[in-house]
file coords-v8.tsv (TSV, C-alpha atoms (C1' of nucleotides))
chain	number	residue	atom	x	y	z
W	87	MET	CA	82.70	100.56	97.43
W	88	GLY	CA	86.45	101.11	97.59
W	89	ALA	CA	87.59	98.50	95.12
W	90	THR	CA	88.87	99.72	91.78
W	91	LYS	CA	86.73	98.57	88.86
W	92	THR	CA	89.66	97.03	87.03
W	93	ASP	CA	87.48	94.94	84.72
W	94	HIS	CA	85.98	97.91	82.97
W	95	PHE	CA	89.26	99.22	81.68
W	96	THR	CA	91.67	98.01	79.03
W	97	ALA	CA	94.78	95.95	79.78
W	98	GLN	CA	96.96	98.87	78.70
W	99	GLN	CA	95.18	101.26	81.04
W	100	ASN	CA	95.50	98.87	83.93
W	101	GLU	CA	99.16	98.18	83.21
W	102	LEU	CA	100.02	101.85	83.17
W	103	ALA	CA	97.94	102.50	86.27
W	104	ASN	CA	99.61	99.64	88.14
W	105	LEU	CA	103.04	100.93	87.26
W	106	ALA	CA	102.10	104.42	88.40
W	107	LYS	CA	100.58	103.05	91.57
W	108	ALA	CA	103.81	101.26	92.42
W	109	LEU	CA	105.66	104.55	91.97
W	110	GLY	CA	103.04	106.46	93.91
W	111	HIS	CA	104.75	106.48	97.27
W	112	PRO	CA	107.80	108.53	98.28
W	113	ALA	CA	109.32	105.58	100.14
W	114	ARG	CA	109.25	103.49	96.97
W	115	ILE	CA	110.75	106.33	94.97
W	116	ALA	CA	113.45	106.60	97.62
W	117	ILE	CA	114.15	102.87	97.48
W	118	LEU	CA	114.50	103.00	93.70
W	119	GLU	CA	116.82	105.99	93.99
W	120	VAL	CA	119.03	104.09	96.41
W	121	LEU	CA	119.17	101.14	94.04
W	122	LEU	CA	119.89	103.43	91.10
W	123	LYS	CA	122.66	105.33	92.89
W	124	MET	CA	124.54	102.31	94.18
W	125	GLU	CA	127.12	101.16	91.70
W	126	ALA	CA	126.37	97.62	92.73
W	127	CYS	CA	123.10	96.44	94.11
W	128	ILE	CA	123.08	96.65	97.84
W	129	CYS	CA	121.70	93.98	100.05
W	130	GLY	CA	119.56	94.98	102.95
W	131	ASP	CA	120.75	98.24	104.34
W	132	ILE	CA	118.07	99.98	102.34
W	133	VAL	CA	116.37	100.01	105.70
W	134	ASN	CA	119.15	102.18	107.11
W	135	GLU	CA	118.74	104.69	104.33
W	136	LEU	CA	115.03	105.12	104.96
W	137	PRO	CA	113.09	106.65	107.84
W	138	LEU	CA	110.89	103.60	108.13
W	139	ALA	CA	110.90	100.40	110.13
W	140	GLN	CA	112.14	97.17	108.63
W	141	PRO	CA	108.73	95.51	108.10
W	142	THR	CA	107.47	98.61	106.31
W	143	VAL	CA	110.44	98.69	103.97
W	144	SER	CA	110.04	94.98	103.36
W	145	GLN	CA	106.44	95.58	102.36
W	146	HIS	CA	107.40	98.34	99.93
W	147	LEU	CA	110.09	96.12	98.44
W	148	LYS	CA	107.48	93.45	97.91
W	149	GLU	CA	105.24	95.84	96.01
W	150	LEU	CA	108.09	97.03	93.83
W	151	LYS	CA	108.91	93.40	93.14
W	152	ASN	CA	105.29	92.60	92.28
W	153	ALA	CA	105.23	95.54	89.90
W	154	GLY	CA	108.35	94.15	88.22
W	155	LEU	CA	110.48	97.19	88.96
W	156	ILE	CA	113.04	95.34	91.06
W	157	LYS	CA	114.46	91.86	91.49
W	158	GLY	CA	115.76	90.14	94.58
W	159	ASN	CA	118.41	87.46	94.80
W	160	ILE	CA	119.21	85.47	97.90
W	161	GLU	CA	122.86	85.89	98.81
W	162	GLY	CA	123.71	83.75	101.77
W	163	ASN	CA	122.02	85.29	104.73
W	164	SER	CA	120.95	88.54	103.13
W	165	ILE	CA	119.10	89.46	99.95
W	166	CYS	CA	120.42	91.42	97.01
W	167	TYR	CA	117.90	93.78	95.50
W	168	CYS	CA	118.38	95.59	92.26
W	169	ILE	CA	116.51	97.27	89.42
W	170	ASP	CA	114.92	94.90	86.93
W	171	ALA	CA	116.59	96.45	83.91
W	172	GLU	CA	114.44	94.73	81.32
W	173	ASN	CA	111.14	95.82	82.81
W	174	TRP	CA	112.59	99.19	83.73
W	175	ASN	CA	113.22	99.99	80.09
W	176	LYS	CA	109.88	98.61	79.06
W	177	TYR	CA	108.14	100.86	81.56
W	178	LYS	CA	110.29	103.77	80.51
W	179	GLU	CA	108.98	103.34	76.97
W	180	LEU	CA	105.43	102.87	78.17
W	181	LEU	CA	105.42	106.13	80.10
W	182	SER	CA	107.31	107.94	77.40
W	183	ALA	CA	104.78	106.87	74.79
W	184	PHE	CA	101.92	107.92	77.00
W	185	PHE	CA	103.30	111.38	77.59
W	186	ALA	CA	104.26	111.79	73.94
W	187	GLN	CA	100.61	111.73	72.88
W	188	LEU	CA	100.05	115.40	73.59
W	189	ASN	CA	99.47	117.42	70.48
W	190	LEU	CA	101.09	120.74	71.27
W	191	LYS	CA	99.06	122.65	68.71
W	192	ILE	CA	95.87	122.06	70.65
W	193	ASN	CA	95.55	124.26	73.68
W	194	CYS	CA	92.06	125.53	74.22
W	195	CYS	CA	91.91	126.35	77.92
V	350	MET	CA	98.78	104.59	111.17
V	351	GLY	CA	97.93	104.43	107.50
V	352	ALA	CA	99.13	107.93	106.70
V	353	THR	CA	102.13	108.33	104.43
V	354	LYS	CA	105.13	109.85	106.22
V	355	THR	CA	105.54	112.63	103.70
V	356	ASP	CA	107.73	114.74	105.98
V	357	HIS	CA	110.58	112.29	105.98
V	358	PHE	CA	111.14	112.40	102.25
V	359	THR	CA	112.53	115.05	99.94
V	360	ALA	CA	110.37	117.46	97.95
V	361	GLN	CA	111.48	115.77	94.73
V	362	GLN	CA	110.51	112.35	95.99
V	363	ASN	CA	107.12	113.58	97.08
V	364	GLU	CA	106.52	115.44	93.82
V	365	LEU	CA	107.27	112.37	91.76
V	366	ALA	CA	105.21	110.15	94.05
V	367	ASN	CA	102.25	112.53	93.86
V	368	LEU	CA	102.38	112.58	90.10
V	369	ALA	CA	102.53	108.80	89.99
V	370	LYS	CA	99.71	108.54	92.48
V	371	ALA	CA	97.51	110.71	90.29
V	372	LEU	CA	98.24	108.39	87.38
V	373	GLY	CA	97.75	105.31	89.52
V	374	HIS	CA	94.16	104.57	88.61
V	375	PRO	CA	92.87	103.18	85.30
V	376	ALA	CA	89.93	105.60	85.28
V	377	ARG	CA	92.28	108.55	85.44
V	378	ILE	CA	94.46	107.09	82.70
V	379	ALA	CA	91.29	106.63	80.64
V	380	ILE	CA	90.23	110.23	81.25
V	381	LEU	CA	93.62	111.50	80.14
V	382	GLU	CA	93.47	109.33	77.04
V	383	VAL	CA	90.09	110.78	76.14
V	384	LEU	CA	91.44	114.30	76.55
V	385	LEU	CA	94.52	113.43	74.52
V	386	LYS	CA	92.58	111.86	71.70
V	387	MET	CA	90.02	114.61	71.25
V	388	GLU	CA	91.24	117.18	68.80
V	389	ALA	CA	89.61	119.84	70.89
V	390	CYS	CA	88.99	119.56	74.58
V	391	ILE	CA	85.65	118.08	75.27
V	392	CYS	CA	83.30	119.35	77.87
V	393	GLY	CA	81.57	116.90	80.09
V	394	ASP	CA	80.77	113.82	78.16
V	395	ILE	CA	83.85	112.20	79.60
V	396	VAL	CA	81.28	110.56	81.80
V	397	ASN	CA	79.73	108.87	78.77
V	398	GLU	CA	83.08	107.45	77.75
V	399	LEU	CA	83.69	105.86	81.14
V	400	PRO	CA	82.03	102.97	82.96
V	401	LEU	CA	81.61	105.04	86.08
V	402	ALA	CA	78.90	107.23	87.57
V	403	GLN	CA	79.08	110.98	87.23
V	404	PRO	CA	80.13	111.76	90.83
V	405	THR	CA	82.96	109.25	90.57
V	406	VAL	CA	84.25	110.78	87.36
V	407	SER	CA	83.96	114.23	88.89
V	408	GLN	CA	86.11	113.08	91.78
V	409	HIS	CA	88.79	111.68	89.48
V	410	LEU	CA	88.76	114.91	87.49
V	411	LYS	CA	89.31	116.82	90.70
V	412	GLU	CA	92.35	114.73	91.54
V	413	LEU	CA	93.82	115.15	88.09
V	414	LYS	CA	93.27	118.89	88.45
V	415	ASN	CA	94.92	118.96	91.87
V	416	ALA	CA	97.89	117.12	90.46
V	417	GLY	CA	98.13	119.76	87.73
V	418	LEU	CA	97.64	117.33	84.89
V	419	ILE	CA	94.46	118.95	83.57
V	420	LYS	CA	92.74	122.31	83.55
V	421	GLY	CA	89.05	123.15	83.57
V	422	ASN	CA	87.39	126.20	82.08
V	423	ILE	CA	83.77	127.13	82.63
V	424	GLU	CA	81.95	127.42	79.33
V	425	GLY	CA	78.42	128.54	79.90
V	426	ASN	CA	76.61	125.69	81.49
V	427	SER	CA	79.26	123.03	81.03
V	428	ILE	CA	82.96	122.82	81.77
V	429	CYS	CA	85.79	122.39	79.31
V	430	TYR	CA	88.54	120.12	80.51
V	431	CYS	CA	91.85	119.70	78.82
V	432	ILE	CA	95.45	118.68	79.42
V	433	ASP	CA	97.58	121.27	81.18
V	434	ALA	CA	100.27	121.35	78.51
V	435	GLU	CA	102.84	123.23	80.57
V	436	ASN	CA	102.73	120.85	83.53
V	437	TRP	CA	102.34	117.90	81.22
V	438	ASN	CA	105.70	118.59	79.65
V	439	LYS	CA	107.28	119.30	82.99
V	440	TYR	CA	106.09	115.95	84.30
V	441	LYS	CA	107.18	114.25	81.12
V	442	GLU	CA	110.70	115.51	81.77
V	443	LEU	CA	110.53	114.59	85.44
V	444	LEU	CA	109.62	110.98	84.71
V	445	SER	CA	112.01	110.77	81.81
V	446	ALA	CA	114.88	111.98	84.00
V	447	PHE	CA	113.97	109.50	86.71
V	448	PHE	CA	113.94	106.55	84.36
V	449	ALA	CA	117.11	107.70	82.62
V	450	GLN	CA	119.14	107.14	85.78
V	451	LEU	CA	119.61	103.45	85.17
V	452	ASN	CA	123.17	102.53	84.42
V	453	LEU	CA	122.83	99.71	81.94
V	454	LYS	CA	126.26	98.30	82.66
V	455	ILE	CA	125.29	97.34	86.17
V	456	ASN	CA	123.16	94.25	86.32
V	457	CYS	CA	124.04	91.98	89.16
V	458	CYS	CA	120.93	89.92	89.76
K	1066	DT	C1'	124.08	72.95	118.92
K	1067	DA	C1'	123.22	77.75	120.52
K	1068	DG	C1'	123.21	82.37	119.52
K	1069	DC	C1'	123.03	86.06	116.29
K	1070	DA	C1'	121.87	88.50	112.02
K	1071	DT	C1'	118.83	89.21	108.11
K	1072	DC	C1'	114.63	89.48	106.16
K	1073	DA	C1'	109.62	87.97	105.51
K	1074	DT	C1'	105.11	87.39	107.39
K	1075	DC	C1'	101.29	87.99	110.64
K	1076	DG	C1'	98.17	90.72	113.11
K	1077	DT	C1'	96.37	94.98	114.06
K	1078	DA	C1'	95.35	100.01	114.13
K	1079	DA	C1'	94.99	104.28	111.68
K	1080	DT	C1'	94.08	106.47	107.58
K	1081	DA	C1'	93.13	106.84	102.51
K	1082	DT	C1'	90.76	105.62	98.41
K	1083	DT	C1'	86.94	104.24	95.58
K	1084	DG	C1'	82.25	104.39	94.25
K	1085	DC	C1'	77.64	106.01	94.18
K	1086	DA	C1'	72.87	107.88	95.60
K	1087	DA	C1'	71.16	112.06	96.99
K	1088	DT	C1'	71.48	116.73	96.91
K	1089	DG	C1'	73.03	121.38	95.76
K	1090	DA	C1'	74.61	125.29	92.76
K	1091	DA	C1'	74.70	127.59	88.41
K	1092	DC	C1'	73.12	128.45	84.11
K	1093	DA	C1'	70.09	128.17	79.88
K	1094	DA	C1'	65.66	127.85	77.78
K	1095	DA	C1'	60.76	127.69	77.79
F	511	DT	C1'	59.53	131.91	87.03
F	512	DT	C1'	59.74	127.13	86.20
F	513	DT	C1'	61.99	123.33	84.15
F	514	DG	C1'	65.82	120.87	82.59
F	515	DT	C1'	70.88	120.32	82.03
F	516	DT	C1'	75.49	120.15	83.73
F	517	DC	C1'	78.61	119.43	87.09
F	518	DA	C1'	80.24	119.69	92.08
F	519	DT	C1'	79.67	118.35	96.83
F	520	DT	C1'	78.03	115.67	100.68
F	521	DG	C1'	77.53	111.53	103.18
F	522	DC	C1'	78.15	106.93	103.56
F	523	DA	C1'	79.75	102.00	102.91
F	524	DA	C1'	83.25	98.92	101.24
F	525	DT	C1'	87.85	98.15	100.46
F	526	DA	C1'	92.86	99.33	100.17
F	527	DT	C1'	97.03	101.25	101.92
F	528	DT	C1'	100.43	102.43	105.30
F	529	DA	C1'	103.01	101.53	109.33
F	530	DC	C1'	104.92	98.80	112.92
F	531	DG	C1'	105.50	95.37	116.95
F	532	DA	C1'	105.85	90.66	117.44
F	533	DT	C1'	107.10	86.57	115.56
F	534	DG	C1'	108.86	83.16	112.30
F	535	DA	C1'	112.16	81.25	108.88
F	536	DT	C1'	116.73	80.85	107.25
F	537	DG	C1'	121.53	80.87	107.24
F	538	DC	C1'	125.95	82.09	109.36
F	539	DT	C1'	129.28	81.59	113.13
F	540	DA	C1'	131.17	80.35	117.38

call {"tool": "encode", "arguments": {"input": "coords-v8.tsv", "output": "structure tokens"}}
result
Amino acid sequence: MGATKTDHFTAQQNELANLAKALGHPARIAILEVLLKMEACICGDIVNELPLAQPTVSQHLKELKNAGLIKGNIEGNSICYCIDAENWNKYKELLSAFFAQLNLKINCC
Amino acid sequence: MGATKTDHFTAQQNELANLAKALGHPARIAILEVLLKMEACICGDIVNELPLAQPTVSQHLKELKNAGLIKGNIEGNSICYCIDAENWNKYKELLSAFFAQLNLKINCC
DNA sequence: TAGCATCATCGTAATATTGCAATGAACAAA
DNA sequence: TTTGTTCATTGCAATATTACGATGATGCTA
């Protein structure tokens, strides 16, 4: 069909998958890196840093915002984007906990 | 268009995005959780644990294998899948390093 | 007010992903 | 050899994603 069968999985599985999905595009990684590197949150020249047109960047920003990874504040004419620190750390823990589950003693293949 | 402009981004950005993309589906998270929970790597009854048909699971397994997250060994008639521990830990570090970049002092929005 | 800048949204085209029935390949057992 | 089991692959339909030109909304400035 093409549509993910979200209903059949647990809330935790879907949350982790949604987070990963939001990170699953190099442009979105690049946007986050720009926001991380800037000592203050920059406003709209993310577009200039990326090899993509303005509507495309805007769309990626929207997805990062929906995922809770970034926040956007209106600042006069432009918009100030920055990392959503609270969610960022929550997601950091979520991923960390997921990857910590591996029992190193077991290695059969 | 529809195709991701992979060429315009760095190898690191693409690597991270590919990893995240592989994790970006609840079925694949569920498969990994099954493999993590089993004390030994199970063989093919992953299908029984998931609400998806066998070809669909096979496809997800293929993607996880391509991403380097799991390995598969032929064992007579069936196949033994398990976490690729080496890559797993590499990816764990990769994600950890990415999320560690946040400077907590900066929070403008 | 008129013009400009910034950013979102709409509409559309190209491509990717998801899911499964049907089928195929490989092996084990009768 | 035949039958059954396990898993991959093929082919297809439905849906999602990616990208961008055109356009709209908003606020600043002259």

call {"tool": "closest_atom_pairs", "arguments": {"input": "coords-v8.tsv", "of": "chain F", "to": "chain V", "cutoff": "6 Å", "atoms": "only C-alpha atoms (C1' of nucleotides)", "output": "tab-separated table"}}
result
residue	atom	partner	partner_atom	distance
F:DT516	C1'	V:Ser427	CA	5.5
F:DT528	C1'	V:Gly351	CA	3.9
F:DA529	C1'	V:Met350	CA	5.5

call {"tool": "atom_distance", "arguments": {"input": "coords-v8.tsv", "atom1": "CA of Trp437 (chain V)", "atom2": "CA of Leu381 (chain V)"}}
result
10.9 Å

call {"tool": "interface_residues", "arguments": {"input": "coords-v8.tsv", "of": "chain K", "to": "chain W", "cutoff": "8 Å", "atoms": "all atoms listed in the file", "output": "ChimeraX atom specification"}}
result
/K:1070-1073,1082-1084

call {"tool": "atom_distance", "arguments": {"input": "coords-v8.tsv", "atom1": "CA of Gln98 (chain W)", "atom2": "CA of Gly373 (chain V)"}}
result
12.6 Å

call {"tool": "closest_residue", "arguments": {"input": "coords-v8.tsv", "among": "W:Ala97, W:Ile160, W:Leu122, W:Leu150", "to": "chain V", "atoms": "all atoms listed in the file"}}
result
W:Leu122

call {"tool": "interface_residues", "arguments": {"input": "coords-v8.tsv", "of": "chain V", "to": "chain W", "cutoff": "7 Å", "atoms": "all atoms listed in the file", "output": "short mmCIF file (atom, residue, chain, number, x, y, z; two decimals) with C-alpha atoms, in the coordinates of the input"}}
result
data_model
loop_
_atom_site.label_atom_id
_atom_site.label_comp_id
_atom_site.auth_asym_id
_atom_site.auth_seq_id
_atom_site.Cartn_x
_atom_site.Cartn_y
_atom_site.Cartn_z
CA HIS V 357 110.58 112.29 105.98
CA PHE V 358 111.14 112.40 102.25
CA GLN V 362 110.51 112.35 95.99
CA ASN V 363 107.12 113.58 97.08
CA ALA V 366 105.21 110.15 94.05
CA ASN V 367 102.25 112.53 93.86
CA ALA V 369 102.53 108.80 89.99
CA LYS V 370 99.71 108.54 92.48
CA LEU V 372 98.24 108.39 87.38
CA GLY V 373 97.75 105.31 89.52
CA HIS V 374 94.16 104.57 88.61
CA PRO V 375 92.87 103.18 85.30
CA ILE V 378 94.46 107.09 82.70
CA ALA V 379 91.29 106.63 80.64
CA LEU V 385 94.52 113.43 74.52
CA GLU V 388 91.24 117.18 68.80
CA ALA V 389 89.61 119.84 70.89
CA CYS V 390 88.99 119.56 74.58
CA PRO V 400 82.03 102.97 82.96
CA LYS V 420 92.74 122.31 83.55
CA ASN V 422 87.39 126.20 82.08
CA CYS V 431 91.85 119.70 78.82
CA LYS V 441 107.18 114.25 81.12
CA PHE V 448 113.94 106.55 84.36
CA GLN V 450 119.14 107.14 85.78
CA LEU V 451 119.61 103.45 85.17
CA ILE V 455 125.29 97.34 86.17
CA CYS V 457 124.04 91.98 89.16
CA CYS V 458 120.93 89.92 89.76
#

call {"tool": "calpha_fit_and_write", "arguments": {"input": "coords-v8.tsv", "fixed": "chain V", "moving": "chain W", "output": "PDB file with C-alpha atoms, in the frame of the given file"}}
result
ATOM      1  CA  MET W  87      98.956 104.088 110.923  1.00  0.00           C
ATOM      2  CA  GLY W  88      97.845 104.521 107.322  1.00  0.00           C
ATOM      3  CA  ALA W  89      99.089 108.022 106.681  1.00  0.00           C
ATOM      4  CA  THR W  90     102.099 108.403 104.428  1.00  0.00           C
ATOM      5  CA  LYS W  91     105.110 109.881 106.211  1.00  0.00           C
ATOM      6  CA  THR W  92     105.519 112.667 103.685  1.00  0.00           C
ATOM      7  CA  ASP W  93     107.734 114.772 105.947  1.00  0.00           C
ATOM      8  CA  HIS W  94     110.567 112.300 105.963  1.00  0.00           C
ATOM      9  CA  PHE W  95     111.127 112.422 102.247  1.00  0.00           C
ATOM     10  CA  THR W  96     112.530 115.055  99.924  1.00  0.00           C
ATOM     11  CA  ALA W  97     110.379 117.472  97.921  1.00  0.00           C
ATOM     12  CA  GLN W  98     111.496 115.781  94.705  1.00  0.00           C
ATOM     13  CA  GLN W  99     110.503 112.356  95.984  1.00  0.00           C
ATOM     14  CA  ASN W 100     107.125 113.603  97.079  1.00  0.00           C
ATOM     15  CA  GLU W 101     106.522 115.433  93.811  1.00  0.00           C
ATOM     16  CA  LEU W 102     107.272 112.363  91.756  1.00  0.00           C
ATOM     17  CA  ALA W 103     105.211 110.167  94.057  1.00  0.00           C
ATOM     18  CA  ASN W 104     102.247 112.543  93.871  1.00  0.00           C
ATOM     19  CA  LEU W 105     102.381 112.582  90.105  1.00  0.00           C
ATOM     20  CA  ALA W 106     102.531 108.796  89.998  1.00  0.00           C
ATOM     21  CA  LYS W 107      99.708 108.545  92.490  1.00  0.00           C
ATOM     22  CA  ALA W 108      97.502 110.715  90.303  1.00  0.00           C
ATOM     23  CA  LEU W 109      98.235 108.388  87.389  1.00  0.00           C
ATOM     24  CA  GLY W 110      97.731 105.312  89.524  1.00  0.00           C
ATOM     25  CA  HIS W 111      94.145 104.590  88.610  1.00  0.00           C
ATOM     26  CA  PRO W 112      92.856 103.195  85.306  1.00  0.00           C
ATOM     27  CA  ALA W 113      89.922 105.616  85.287  1.00  0.00           C
ATOM     28  CA  ARG W 114      92.303 108.571  85.441  1.00  0.00           C
ATOM     29  CA  ILE W 115      94.444 107.089  82.696  1.00  0.00           C
ATOM     30  CA  ALA W 116      91.284 106.645  80.646  1.00  0.00           C
ATOM     31  CA  ILE W 117      90.223 110.241  81.253  1.00  0.00           C
ATOM     32  CA  LEU W 118      93.625 111.512  80.141  1.00  0.00           C
ATOM     33  CA  GLU W 119      93.461 109.325  77.043  1.00  0.00           C
ATOM     34  CA  VAL W 120      90.085 110.788  76.141  1.00  0.00           C
ATOM     35  CA  LEU W 121      91.443 114.299  76.555  1.00  0.00           C
ATOM     36  CA  LEU W 122      94.533 113.431  74.529  1.00  0.00           C
ATOM     37  CA  LYS W 123      92.571 111.830  71.687  1.00  0.00           C
ATOM     38  CA  MET W 124      90.035 114.605  71.249  1.00  0.00           C
ATOM     39  CA  GLU W 125      91.247 117.170  68.783  1.00  0.00           C
ATOM     40  CA  ALA W 126      89.591 119.812  70.888  1.00  0.00           C
ATOM     41  CA  CYS W 127      88.979 119.545  74.568  1.00  0.00           C
ATOM     42  CA  ILE W 128      85.615 118.070  75.251  1.00  0.00           C
ATOM     43  CA  CYS W 129      83.290 119.358  77.869  1.00  0.00           C
ATOM     44  CA  GLY W 130      81.523 116.899  80.065  1.00  0.00           C
ATOM     45  CA  ASP W 131      80.754 113.795  78.130  1.00  0.00           C
ATOM     46  CA  ILE W 132      83.841 112.208  79.601  1.00  0.00           C
ATOM     47  CA  VAL W 133      81.265 110.582  81.816  1.00  0.00           C
ATOM     48  CA  ASN W 134      79.721 108.871  78.797  1.00  0.00           C
ATOM     49  CA  GLU W 135      83.056 107.453  77.766  1.00  0.00           C
ATOM     50  CA  LEU W 136      83.687 105.876  81.151  1.00  0.00           C
ATOM     51  CA  PRO W 137      82.018 102.999  82.978  1.00  0.00           C
ATOM     52  CA  LEU W 138      81.599 105.072  86.100  1.00  0.00           C
ATOM     53  CA  ALA W 139      78.917 107.275  87.581  1.00  0.00           C
ATOM     54  CA  GLN W 140      79.077 111.028  87.252  1.00  0.00           C
ATOM     55  CA  PRO W 141      80.134 111.812  90.848  1.00  0.00           C
ATOM     56  CA  THR W 142      82.967 109.300  90.591  1.00  0.00           C
ATOM     57  CA  VAL W 143      84.259 110.810  87.373  1.00  0.00           C
ATOM     58  CA  SER W 144      83.960 114.260  88.891  1.00  0.00           C
ATOM     59  CA  GLN W 145      86.101 113.118  91.795  1.00  0.00           C
ATOM     60  CA  HIS W 146      88.775 111.714  89.488  1.00  0.00           C
ATOM     61  CA  LEU W 147      88.764 114.934  87.483  1.00  0.00           C
ATOM     62  CA  LYS W 148      89.319 116.839  90.690  1.00  0.00           C
ATOM     63  CA  GLU W 149      92.355 114.747  91.554  1.00  0.00           C
ATOM     64  CA  LEU W 150      93.828 115.170  88.098  1.00  0.00           C
ATOM     65  CA  LYS W 151      93.263 118.896  88.452  1.00  0.00           C
ATOM     66  CA  ASN W 152      94.912 118.962  91.881  1.00  0.00           C
ATOM     67  CA  ALA W 153      97.890 117.112  90.460  1.00  0.00           C
ATOM     68  CA  GLY W 154      98.144 119.760  87.738  1.00  0.00           C
ATOM     69  CA  LEU W 155      97.636 117.324  84.887  1.00  0.00           C
ATOM     70  CA  ILE W 156      94.464 118.943  83.583  1.00  0.00           C
ATOM     71  CA  LYS W 157      92.732 122.307  83.555  1.00  0.00           C
ATOM     72  CA  GLY W 158      89.058 123.139  83.560  1.00  0.00           C
ATOM     73  CA  ASN W 159      87.367 126.176  82.087  1.00  0.00           C
ATOM     74  CA  ILE W 160      83.759 127.117  82.645  1.00  0.00           C
ATOM     75  CA  GLU W 161      81.956 127.384  79.329  1.00  0.00           C
ATOM     76  CA  GLY W 162      78.422 128.521  79.865  1.00  0.00           C
ATOM     77  CA  ASN W 163      76.609 125.673  81.474  1.00  0.00           C
ATOM     78  CA  SER W 164      79.251 123.011  81.029  1.00  0.00           C
ATOM     79  CA  ILE W 165      82.960 122.786  81.785  1.00  0.00           C
ATOM     80  CA  CYS W 166      85.786 122.374  79.321  1.00  0.00           C
ATOM     81  CA  TYR W 167      88.539 120.102  80.530  1.00  0.00           C
ATOM     82  CA  CYS W 168      91.849 119.708  78.829  1.00  0.00           C
ATOM     83  CA  ILE W 169      95.452 118.676  79.411  1.00  0.00           C
ATOM     84  CA  ASP W 170      97.585 121.251  81.192  1.00  0.00           C
ATOM     85  CA  ALA W 171     100.273 121.327  78.531  1.00  0.00           C
ATOM     86  CA  GLU W 172     102.833 123.203  80.583  1.00  0.00           C
ATOM     87  CA  ASN W 173     102.728 120.843  83.535  1.00  0.00           C
ATOM     88  CA  TRP W 174     102.342 117.868  81.231  1.00  0.00           C
ATOM     89  CA  ASN W 175     105.709 118.561  79.660  1.00  0.00           C
ATOM     90  CA  LYS W 176     107.278 119.283  82.997  1.00  0.00           C
ATOM     91  CA  TYR W 177     106.089 115.939  84.319  1.00  0.00           C
ATOM     92  CA  LYS W 178     107.185 114.239  81.140  1.00  0.00           C
ATOM     93  CA  GLU W 179     110.709 115.498  81.792  1.00  0.00           C
ATOM     94  CA  LEU W 180     110.533 114.578  85.450  1.00  0.00           C
ATOM     95  CA  LEU W 181     109.622 110.973  84.724  1.00  0.00           C
ATOM     96  CA  SER W 182     112.020 110.763  81.836  1.00  0.00           C
ATOM     97  CA  ALA W 183     114.882 111.960  84.011  1.00  0.00           C
ATOM     98  CA  PHE W 184     113.975 109.504  86.715  1.00  0.00           C
ATOM     99  CA  PHE W 185     113.936 106.543  84.379  1.00  0.00           C
ATOM    100  CA  ALA W 186     117.112 107.678  82.636  1.00  0.00           C
ATOM    101  CA  GLN W 187     119.149 107.138  85.800  1.00  0.00           C
ATOM    102  CA  LEU W 188     119.629 103.437  85.198  1.00  0.00           C
ATOM    103  CA  ASN W 189     123.188 102.530  84.425  1.00  0.00           C
ATOM    104  CA  LEU W 190     122.858  99.690  81.956  1.00  0.00           C
ATOM    105  CA  LYS W 191     126.312  98.313  82.662  1.00  0.00           C
ATOM    106  CA  ILE W 192     125.318  97.343  86.177  1.00  0.00           C
ATOM    107  CA  ASN W 193     123.210  94.235  86.316  1.00  0.00           C
ATOM    108  CA  CYS W 194     124.080  91.988  89.193  1.00  0.00           C
ATOM    109  CA  CYS W 195     120.942  89.940  89.781  1.00  0.00           C
TER     110      CYS W 195
END

call {"tool": "residues_around", "arguments": {"input": "coords-v8.tsv", "residues": "DT513 (chain F)", "least_positions_apart": "2", "cutoff": "10 Å", "atoms": "all atoms listed in the file", "output": "ChimeraX atom specification"}}
result
/K:1094-1095 /F:511,515

call {"tool": "residues_around", "arguments": {"input": "coords-v8.tsv", "residues": "DT520 (chain F)", "least_positions_apart": "6", "cutoff": "10 Å", "atoms": "only C-alpha atoms (C1' of nucleotides)", "output": "list in words"}}
result
DA1087, DT1088 and DG1089 of chain K

call {"tool": "atom_distance", "arguments": {"input": "coords-v8.tsv", "atom1": "C1' of DC1075 (chain K)", "atom2": "C1' of DG534 (chain F)"}}
result
9.1 Å

call {"tool": "closest_residue", "arguments": {"input": "coords-v8.tsv", "among": "V:Ile395, V:Glu424, V:Lys414, V:Thr405", "to": "DA1091 (chain K)", "atoms": "all atoms listed in the file"}}
result
V:Glu424
